Amino acid sequence: MKTDVQIAQEAKMLPITEVAEKLGLKEDDLVHYGKYKAKINLDVLKNLQDKKDGKLVLVTAINPTPAGEGKTTTNIGLSMALNKLGKTAITALREPSLGPSFGIKGGAAGGGYSQVVPMEDINLHFTGDFHAITTANNLISALLDNHIQQGNELNIDPRRVVWKRVLDMNDRALRNIVVGLGGKPNGMPREDGFDITVASEIMAIFCLSEDLEDFKHRVGEIIVAYKFDGSPVFAKDLKAQGAAALLMKDALNPNIVQTLENTPALIHGGPFANIAHGCNSILATQLSLKLAEYTITEAGFGADLGAEKFFDIKSRFGGLNPNATVIVATVRALKYNGGVKKGELGKENLEALAKGFANLEKHIENIHKFGVPAIVALNKFPTDTEAELNYVLERCKSLGAEAVLSEVWGKGSEGGLDLAKAVINVCETKESNFKPLYDVEDSIKDKIEKIAKEIYGADGVDYTKACEKQIANIEKLGLDKMPICMAKTQYSLSDDPTLLGRPEGFRITVRNIKVSNGAGFLVALTGEIMTMPGLPKVPAANNIDILESGEIVGLF
């Protein structure tokens with residue numbers, strides 16, 4: 001089998017103007033970044049406001065395992081299969097981060113014969129959106145430290161600066177640093193640190209903004225520090241929002257590329273799914289809904305994180321009404337959840353499969369809690385036995401979820417035709433009664449406990465003493481009436497990554513509440529969540545190279 005990069009390099013790409021023409025877009029609607037990449041002018045969305053939206057399908061998954069699930073691959077393959085069946089479909093994805101690409105996770109351009117291309121560009125610098133976000137974020141940091149240096153008119157407490165610098169790279173040495181060393185000319189010494197760019201609040205704002213003016217307003221509302229009297233300091237107090245918006249004026253236009261089979265793909269934004277909301281931009285999704293009959297989008301990690309935030313944060317802010325949800329699962333991953341070690345996953349084990357199926361069962365239940373029909377895409381592997389596949393398919397149907405086999409990784413659109421037919425059938429015959437899980441006017445604790453109990457299956461929530469003080473202060477400042485963005489491990493329904501399957505009898509511990517006031521949500525941190533990842537012992541970067549011929553090797 002060829003590598004992903006080899007398959008991608010052999011793709012017969014169409015000029016991006018021809019891909020855009022399929023959606024009714026004209027040359028003047030595009031800003032070109034070479035022959036195969038472009039940005040779509042946001043005026044297109046304004047001009048299509050009166051057009052009826054197409055169907056919106058969310059692709060999510062069970063909790064991720066080392067066995068792999070294939071969520072992005074399924075998303076891309078489904079969009080291609082829908083086009084093959086005569087429907088106009090767009091795949092709407094997040095942009096990959098350089099950190100994971102050079103670290104251990106890899107990129108986010110799909111795999112096998114279900115990829116978006118040009119894959120190398122998408123996984124590297126793409127159209128520069130992340131560089132713009134990095135620069136806008138760090139401009140605010142520079143203005144903040146300069147204000148303190150130039151007399152500190154706002155009475156900022158240097159010990160209570162909460163705004164960090166960012167870099168789109170995995171670099172653990174930057175997690176905790178000291179800035180301002182070297183004497184008075186170099187600023188006020190203080191503790192600081194770096195987050196990865198995808199963890200920046202600028203990224204979250206970028207993906208939740210309606211337009212440039214909304215982006216500018218949201219940036220102004222970012223809380224960057226606290227004064228000596230405990231009151232918040234906003235980015236607008238530093239007069240930072242105008243320059244930040246200028247840096248982002250081009251980045252806000254959604255990017256258009258294509259799949260291996262020339263299906264249009266809008267790839268825009270990429271917030272972390274455990275510490276942010278893990279979805280592509282609202283702008284790209286809204287534009288897709290106006291341009292195509294079907295928009296196939298995704299949310300990061302398992303449904304307990306990505307799908308919950310897609311429903312409770314993105315859909316709430318964007319006025320979205322999802323028609324169906326595809327939950328991606330594999331026999332291998334379910335057996336892993338049932339206690340089988342990675343090296344033994346190729347052997348038939350119906351007992352472990354039945355035990356691990358509980359994880360998928362919970363995710364199906366959760367999707368139904370939001371009033372959205374669920375379809376299970378069972379990614380087929382060569383080692384799966386007929387008995388194992390039939391077990392999963394029958395169990396899903398007994399839970400009221402359509403379930404079909406998917407082979408898009410090895411067969412492209414041909415391997416996703418059954419899934420596409422199931423999606424069309426559900427979208428055209430079943431009504432979606434979407435509703436968010438909670439009311440934003442509820443108290444912080446009520447919102448957190450509803451997510452923990454309803455979605456994770458926890459018995460309750462515990463709060464550290466420091467967190468109790470934070471909640472009281474947030475309520476005092478009147479910043480509590482916002483959605484909750486839960487930050488927890490992606491590997492378990494609980495906050496303990498070792499508890500696989502469907503854990504019971506556990507409680508969630510919230511240790512910190514972070515106010516993302518510009519983004520418009522509160523981040524509740526559980527467990528140990530890294531906002532700046534580190535590289536593994538053998539980083540993927542060690543095997544990546546570009547040859548004298550220009551061929552890229554080792555990327556995937």
# chains A, B, ... in the order shown; residues from 1 in each chain; ligands from 1
>>> closest_atom_pairs(of="stretch 460-548 of chain A", to="stretch 93-99 of chain A", cutoff="10 Å", atoms="only C-alpha atoms", output="CSV")
residue,atom,partner,partner_atom,distance
A:Met532,CA,A:Gly99,CA,9.3
A:Pro533,CA,A:Gly99,CA,7.9
A:Gly534,CA,A:Gly99,CA,8.7
A:Leu535,CA,A:Gly99,CA,8.4
A:Ala541,CA,A:Gly99,CA,9.8
>>> residues_around(residues="A:Gly478", least_positions_apart="5", cutoff="12 Å", atoms="only C-alpha atoms", output="ChimeraX atom specification")
/A:231-232,441,443-444,471-473,515,517
>>> select_by_dssp(residues="stretch 217-297 of chain A", states="alpha helix (DSSP H)", output="list in words")
His217, Arg218, Val219, Gly220, Gln241, Gly242, Ala243, Ala244, Ala245, Leu246, Leu247, Ile282, Leu283, Ala284, Thr285, Gln286, Leu287, Ser288, Leu289, Lys290 and Leu291 of chain A
>>> residues_around(residues="stretch 451-464 of chain A", least_positions_apart="4", cutoff="8 Å", atoms="only C-alpha atoms", output="list in words")
Asp304, Glu308, Asn366, Leu437, Lys447, Glu468, Leu493, Ser494, Pro503, Glu504, Gly505, Phe506, Arg507, Ile508, Thr509, Val510, Arg511 and Asn512 of chain A
>>> write_last_selection(atoms="C-alpha atoms", output="short mmCIF file (atom, residue, chain, number, x, y, z; two decimals), in the first residue's frame")
data_model
loop_
_atom_site.label_atom_id
_atom_site.label_comp_id
_atom_site.auth_asym_id
_atom_site.auth_seq_id
_atom_site.Cartn_x
_atom_site.Cartn_y
_atom_site.Cartn_z
CA ASP A 304 -17.98 13.72 24.53
CA GLU A 308 -20.84 18.38 22.72
CA ASN A 366 -25.51 11.41 23.90
CA LEU A 437 -27.98 20.61 26.45
CA LYS A 447 -23.86 23.84 33.50
CA GLU A 468 -14.42 27.70 44.15
CA LEU A 493 -15.51 9.67 29.05
CA SER A 494 -14.16 10.52 32.50
CA PRO A 503 -16.88 4.13 33.21
CA GLU A 504 -19.34 4.20 36.11
CA GLY A 505 -19.18 5.39 39.69
CA PHE A 506 -16.73 8.23 39.07
CA ARG A 507 -16.69 11.96 39.77
CA ILE A 508 -15.13 14.78 37.74
CA THR A 509 -12.72 17.19 39.43
CA VAL A 510 -12.58 20.76 38.12
CA ARG A 511 -9.38 22.47 39.22
CA ASN A 512 -9.51 25.73 37.30
#
>>> residues_around(residues="A:Lys397", least_positions_apart="5", cutoff="12 Å", atoms="only C-alpha atoms", output="list of chain:residue names")
A:Glu361, A:Ile364, A:Ala374, A:Ile375, A:Val376, A:Asn390, A:Tyr391, A:Val392, A:Glu402, A:Ala403, A:Val404
>>> write_last_selection(atoms="N, CA, C and O atoms", output="mmCIF file, in the first residue's frame")
data_model
loop_
_atom_site.group_PDB
_atom_site.id
_atom_site.type_symbol
_atom_site.label_atom_id
_atom_site.label_comp_id
_atom_site.auth_asym_id
_atom_site.auth_seq_id
_atom_site.Cartn_x
_atom_site.Cartn_y
_atom_site.Cartn_z
ATOM 1 N N GLU A 361 -22.065 2.898 22.610
ATOM 2 C CA GLU A 361 -23.448 2.999 23.075
ATOM 3 C C GLU A 361 -23.696 4.335 23.767
ATOM 4 O O GLU A 361 -24.711 5.002 23.524
ATOM 5 N N ILE A 364 -23.829 7.206 21.238
ATOM 6 C CA ILE A 364 -25.115 7.210 20.512
ATOM 7 C C ILE A 364 -26.198 7.853 21.388
ATOM 8 O O ILE A 364 -26.971 8.701 20.931
ATOM 9 N N ALA A 374 -28.607 9.793 14.732
ATOM 10 C CA ALA A 374 -27.229 9.284 14.713
ATOM 11 C C ALA A 374 -27.076 8.167 13.697
ATOM 12 O O ALA A 374 -27.949 7.310 13.557
ATOM 13 N N ILE A 375 -25.959 8.197 12.990
ATOM 14 C CA ILE A 375 -25.581 7.146 12.041
ATOM 15 C C ILE A 375 -24.189 6.676 12.428
ATOM 16 O O ILE A 375 -23.290 7.508 12.634
ATOM 17 N N VAL A 376 -23.971 5.405 12.529
ATOM 18 C CA VAL A 376 -22.647 4.881 12.864
ATOM 19 C C VAL A 376 -21.938 4.446 11.587
ATOM 20 O O VAL A 376 -22.475 3.654 10.805
ATOM 21 N N ASN A 390 -20.912 -7.841 12.164
ATOM 22 C CA ASN A 390 -22.360 -8.008 12.309
ATOM 23 C C ASN A 390 -22.826 -7.683 13.719
ATOM 24 O O ASN A 390 -23.914 -7.119 13.913
ATOM 25 N N TYR A 391 -21.994 -8.015 14.713
ATOM 26 C CA TYR A 391 -22.348 -7.722 16.105
ATOM 27 C C TYR A 391 -22.543 -6.214 16.283
ATOM 28 O O TYR A 391 -23.551 -5.764 16.858
ATOM 29 N N VAL A 392 -21.575 -5.427 15.799
ATOM 30 C CA VAL A 392 -21.648 -3.977 15.970
ATOM 31 C C VAL A 392 -22.833 -3.399 15.202
ATOM 32 O O VAL A 392 -23.591 -2.570 15.730
ATOM 33 N N GLU A 402 -28.806 4.099 12.660
ATOM 34 C CA GLU A 402 -28.435 3.443 11.403
ATOM 35 C C GLU A 402 -26.941 3.148 11.455
ATOM 36 O O GLU A 402 -26.151 3.957 11.923
ATOM 37 N N ALA A 403 -26.531 1.975 10.975
ATOM 38 C CA ALA A 403 -25.112 1.611 11.013
ATOM 39 C C ALA A 403 -24.713 0.965 9.693
ATOM 40 O O ALA A 403 -25.402 0.072 9.199
ATOM 41 N N VAL A 404 -23.604 1.439 9.120
ATOM 42 C CA VAL A 404 -23.136 0.916 7.838
ATOM 43 C C VAL A 404 -21.617 0.789 7.846
ATOM 44 O O VAL A 404 -20.924 1.490 8.583
#
>>> closest_residue(among="A:Thr295, A:Ser209, A:Thr526, A:Asn83", to="A:Ala251", atoms="only C-alpha atoms")
A:Ser209
>>> residues_around(residues="A:Arg159", least_positions_apart="4", cutoff="9 Å", atoms="only C-alpha atoms", output="list in words")
Arg190, Glu191, Ala225 and Tyr226 of chain A
>>> write_last_selection(atoms="all heavy atoms", output="compact mmCIF listing (two decimals), in the first residue's frame")
# COMPACT_ATOMS: atom_id res chain seq x y z
N ARG A 190 8.87 39.10 34.92
CA ARG A 190 7.70 38.39 35.42
C ARG A 190 7.67 36.99 34.83
O ARG A 190 8.29 36.70 33.81
CB ARG A 190 6.41 39.14 35.07
CG ARG A 190 6.11 39.21 33.58
CD ARG A 190 4.76 39.87 33.31
NE ARG A 190 4.43 39.88 31.88
CZ ARG A 190 3.89 38.87 31.21
NH1 ARG A 190 3.57 37.74 31.85
NH2 ARG A 190 3.65 38.95 29.92
N GLU A 191 6.94 36.11 35.49
CA GLU A 191 6.74 34.76 34.96
C GLU A 191 5.78 34.80 33.79
O GLU A 191 4.81 35.55 33.79
CB GLU A 191 6.19 33.83 36.05
CG GLU A 191 7.18 33.51 37.16
CD GLU A 191 6.64 32.47 38.12
OE1 GLU A 191 5.96 31.54 37.65
OE2 GLU A 191 6.89 32.60 39.33
N ALA A 225 -5.30 40.47 31.75
CA ALA A 225 -4.65 40.56 33.07
C ALA A 225 -5.66 41.10 34.08
O ALA A 225 -6.83 41.39 33.73
CB ALA A 225 -3.43 41.49 33.00
N TYR A 226 -5.21 41.22 35.32
CA TYR A 226 -6.03 41.83 36.37
C TYR A 226 -5.24 42.93 37.05
O TYR A 226 -4.01 42.86 37.16
CB TYR A 226 -6.47 40.77 37.40
CG TYR A 226 -7.46 39.78 36.82
CD1 TYR A 226 -7.02 38.64 36.17
CD2 TYR A 226 -8.83 40.01 36.90
CE1 TYR A 226 -7.92 37.73 35.62
CE2 TYR A 226 -9.74 39.11 36.36
CZ TYR A 226 -9.28 37.98 35.72
OH TYR A 226 -10.17 37.09 35.16
>>> select_by_dssp(residues="stretch 150-283 of chain A", states="strand (DSSP E)", output="ChimeraX atom specification")
/A:156-161,165-167,177-179,190-192,194-196,223-227,232-234,255-259,264-267
>>> write_last_selection(atoms="N, CA, C and O atoms", output="compact mmCIF listing (two decimals), in the first residue's frame")
# COMPACT_ATOMS: atom_id res chain seq x y z
N ILE A 156 -1.79 47.44 36.17
CA ILE A 156 -1.80 45.99 35.95
C ILE A 156 -0.88 45.33 36.97
O ILE A 156 0.26 45.76 37.18
N ASP A 157 -1.38 44.29 37.60
CA ASP A 157 -0.57 43.51 38.53
C ASP A 157 0.26 42.51 37.70
O ASP A 157 -0.31 41.58 37.12
N PRO A 158 1.58 42.67 37.62
CA PRO A 158 2.40 41.77 36.80
C PRO A 158 2.30 40.31 37.22
O PRO A 158 2.62 39.41 36.45
N ARG A 159 1.85 40.08 38.45
CA ARG A 159 1.70 38.70 38.94
C ARG A 159 0.39 38.07 38.46
O ARG A 159 0.20 36.87 38.62
N ARG A 160 -0.47 38.92 37.87
CA ARG A 160 -1.77 38.42 37.44
C ARG A 160 -2.02 38.67 35.94
O ARG A 160 -3.13 38.94 35.53
N VAL A 161 -0.94 38.55 35.17
CA VAL A 161 -1.08 38.58 33.71
C VAL A 161 -1.50 37.17 33.28
O VAL A 161 -0.82 36.19 33.55
N ARG A 165 1.97 34.18 25.41
CA ARG A 165 2.43 34.17 24.03
C ARG A 165 2.18 32.78 23.43
O ARG A 165 1.98 31.82 24.17
N VAL A 166 2.18 32.69 22.09
CA VAL A 166 1.93 31.40 21.45
C VAL A 166 2.93 31.14 20.33
O VAL A 166 3.56 32.06 19.79
N LEU A 167 3.05 29.87 19.99
CA LEU A 167 3.91 29.40 18.90
C LEU A 167 3.28 28.13 18.35
O LEU A 167 2.84 27.28 19.13
N ILE A 177 8.33 30.28 31.49
CA ILE A 177 9.53 31.08 31.26
C ILE A 177 9.49 32.36 32.09
O ILE A 177 8.47 32.66 32.73
N VAL A 178 10.57 33.11 32.08
CA VAL A 178 10.62 34.44 32.70
C VAL A 178 10.98 35.44 31.61
O VAL A 178 11.92 35.23 30.84
N VAL A 179 10.21 36.51 31.53
CA VAL A 179 10.48 37.56 30.54
C VAL A 179 10.93 38.83 31.25
O VAL A 179 10.76 38.97 32.47
N ARG A 190 8.87 39.10 34.92
CA ARG A 190 7.70 38.39 35.42
C ARG A 190 7.67 36.99 34.83
O ARG A 190 8.29 36.70 33.81
N GLU A 191 6.94 36.11 35.49
CA GLU A 191 6.74 34.76 34.96
C GLU A 191 5.78 34.80 33.79
O GLU A 191 4.81 35.55 33.79
N ASP A 192 6.06 33.99 32.79
CA ASP A 192 5.21 33.94 31.61
C ASP A 192 5.27 32.53 31.03
O ASP A 192 5.76 31.60 31.69
N PHE A 194 4.42 30.05 27.06
CA PHE A 194 3.87 29.93 25.73
C PHE A 194 2.81 28.82 25.70
O PHE A 194 2.98 27.78 26.32
N ASP A 195 1.74 29.07 24.95
CA ASP A 195 0.80 28.02 24.55
C ASP A 195 1.04 27.72 23.08
O ASP A 195 1.70 28.51 22.37
N ILE A 196 0.52 26.61 22.59
CA ILE A 196 0.56 26.35 21.16
C ILE A 196 -0.52 27.22 20.50
O ILE A 196 -1.56 27.51 21.12
N ILE A 223 -9.85 39.20 28.21
CA ILE A 223 -9.25 39.58 29.50
C ILE A 223 -7.79 39.15 29.46
O ILE A 223 -7.47 37.95 29.33
N VAL A 224 -6.88 40.12 29.54
CA VAL A 224 -5.44 39.83 29.41
C VAL A 224 -4.72 39.81 30.75
O VAL A 224 -3.64 39.22 30.89
N ALA A 225 -5.30 40.47 31.75
CA ALA A 225 -4.65 40.56 33.07
C ALA A 225 -5.66 41.10 34.08
O ALA A 225 -6.83 41.39 33.73
N TYR A 226 -5.21 41.22 35.32
CA TYR A 226 -6.03 41.83 36.37
C TYR A 226 -5.24 42.93 37.05
O TYR A 226 -4.01 42.86 37.16
N LYS A 227 -5.95 43.96 37.50
CA LYS A 227 -5.31 45.09 38.17
C LYS A 227 -5.02 44.75 39.63
O LYS A 227 -5.46 43.72 40.14
N PRO A 232 -10.67 43.32 36.02
CA PRO A 232 -10.03 42.80 34.80
C PRO A 232 -9.49 43.91 33.89
O PRO A 232 -10.02 45.03 33.86
N VAL A 233 -8.46 43.54 33.15
CA VAL A 233 -7.90 44.41 32.10
C VAL A 233 -8.23 43.75 30.77
O VAL A 233 -7.92 42.57 30.56
N PHE A 234 -8.85 44.50 29.88
CA PHE A 234 -9.26 43.97 28.58
C PHE A 234 -8.28 44.40 27.49
O PHE A 234 -7.58 45.41 27.63
N ASN A 255 -10.71 29.16 3.32
CA ASN A 255 -9.85 28.56 2.31
C ASN A 255 -10.59 27.47 1.55
O ASN A 255 -11.32 26.69 2.15
N ILE A 256 -10.39 27.42 0.24
CA ILE A 256 -10.96 26.35 -0.56
C ILE A 256 -9.85 25.55 -1.24
O ILE A 256 -8.93 26.11 -1.83
N VAL A 257 -9.93 24.22 -1.08
CA VAL A 257 -9.04 23.28 -1.78
C VAL A 257 -9.93 22.16 -2.33
O VAL A 257 -11.10 22.39 -2.59
N GLN A 258 -9.39 20.94 -2.47
CA GLN A 258 -10.19 19.85 -3.05
C GLN A 258 -9.76 18.52 -2.47
O GLN A 258 -8.67 18.40 -1.89
N THR A 259 -10.61 17.52 -2.65
CA THR A 259 -10.26 16.16 -2.26
C THR A 259 -9.54 15.47 -3.42
O THR A 259 -9.40 16.04 -4.50
N PRO A 264 -15.07 19.83 -3.55
CA PRO A 264 -14.63 21.06 -2.87
C PRO A 264 -14.47 20.84 -1.36
O PRO A 264 -15.26 20.12 -0.73
N ALA A 265 -13.43 21.45 -0.81
CA ALA A 265 -13.17 21.36 0.62
C ALA A 265 -12.87 22.75 1.18
O ALA A 265 -11.99 23.45 0.66
N LEU A 266 -13.62 23.16 2.19
CA LEU A 266 -13.37 24.42 2.87
C LEU A 266 -12.67 24.11 4.19
O LEU A 266 -13.25 23.46 5.07
N ILE A 267 -11.42 24.53 4.28
CA ILE A 267 -10.60 24.21 5.45
C ILE A 267 -10.20 25.52 6.12
O ILE A 267 -9.47 26.32 5.54
>>> atom_distance(atom1="atom CA of A:Glu407", atom2="atom CA of A:Val19")
24.7 Å
>>> atom_distance(atom1="atom CA of A:Thr134", atom2="atom CA of A:Asp171")
14.8 Å
>>> residues_around(residues="A:Pro539", least_positions_apart="3", cutoff="9 Å", atoms="only C-alpha atoms", output="list of chain:residue names")
A:Phe102, A:Gly103, A:Ile104, A:Leu535, A:Pro536, A:Asn542, A:Asn543
>>> closest_residue(among="A:Arg316, A:Lys411, A:Lys249, A:His147", to="A:Met80", atoms="only C-alpha atoms")
A:Lys411
>>> residues_around(residues="stretch 327-344 of chain A", least_positions_apart="4", cutoff="8 Å", atoms="only C-alpha atoms", output="ChimeraX atom specification")
/A:59-62,64-71,74,303,349,352-357,359-360,363-364,374-381,384,388-389,392,500-501
>>> atom_distance(atom1="atom CA of A:Asn170", atom2="atom CA of A:Pro271")
14.9 Å
>>> closest_residue(among="A:Ser492, A:Ser141, A:Asn253, A:Thr325", to="A:Ile222", atoms="only C-alpha atoms")
A:Ser141
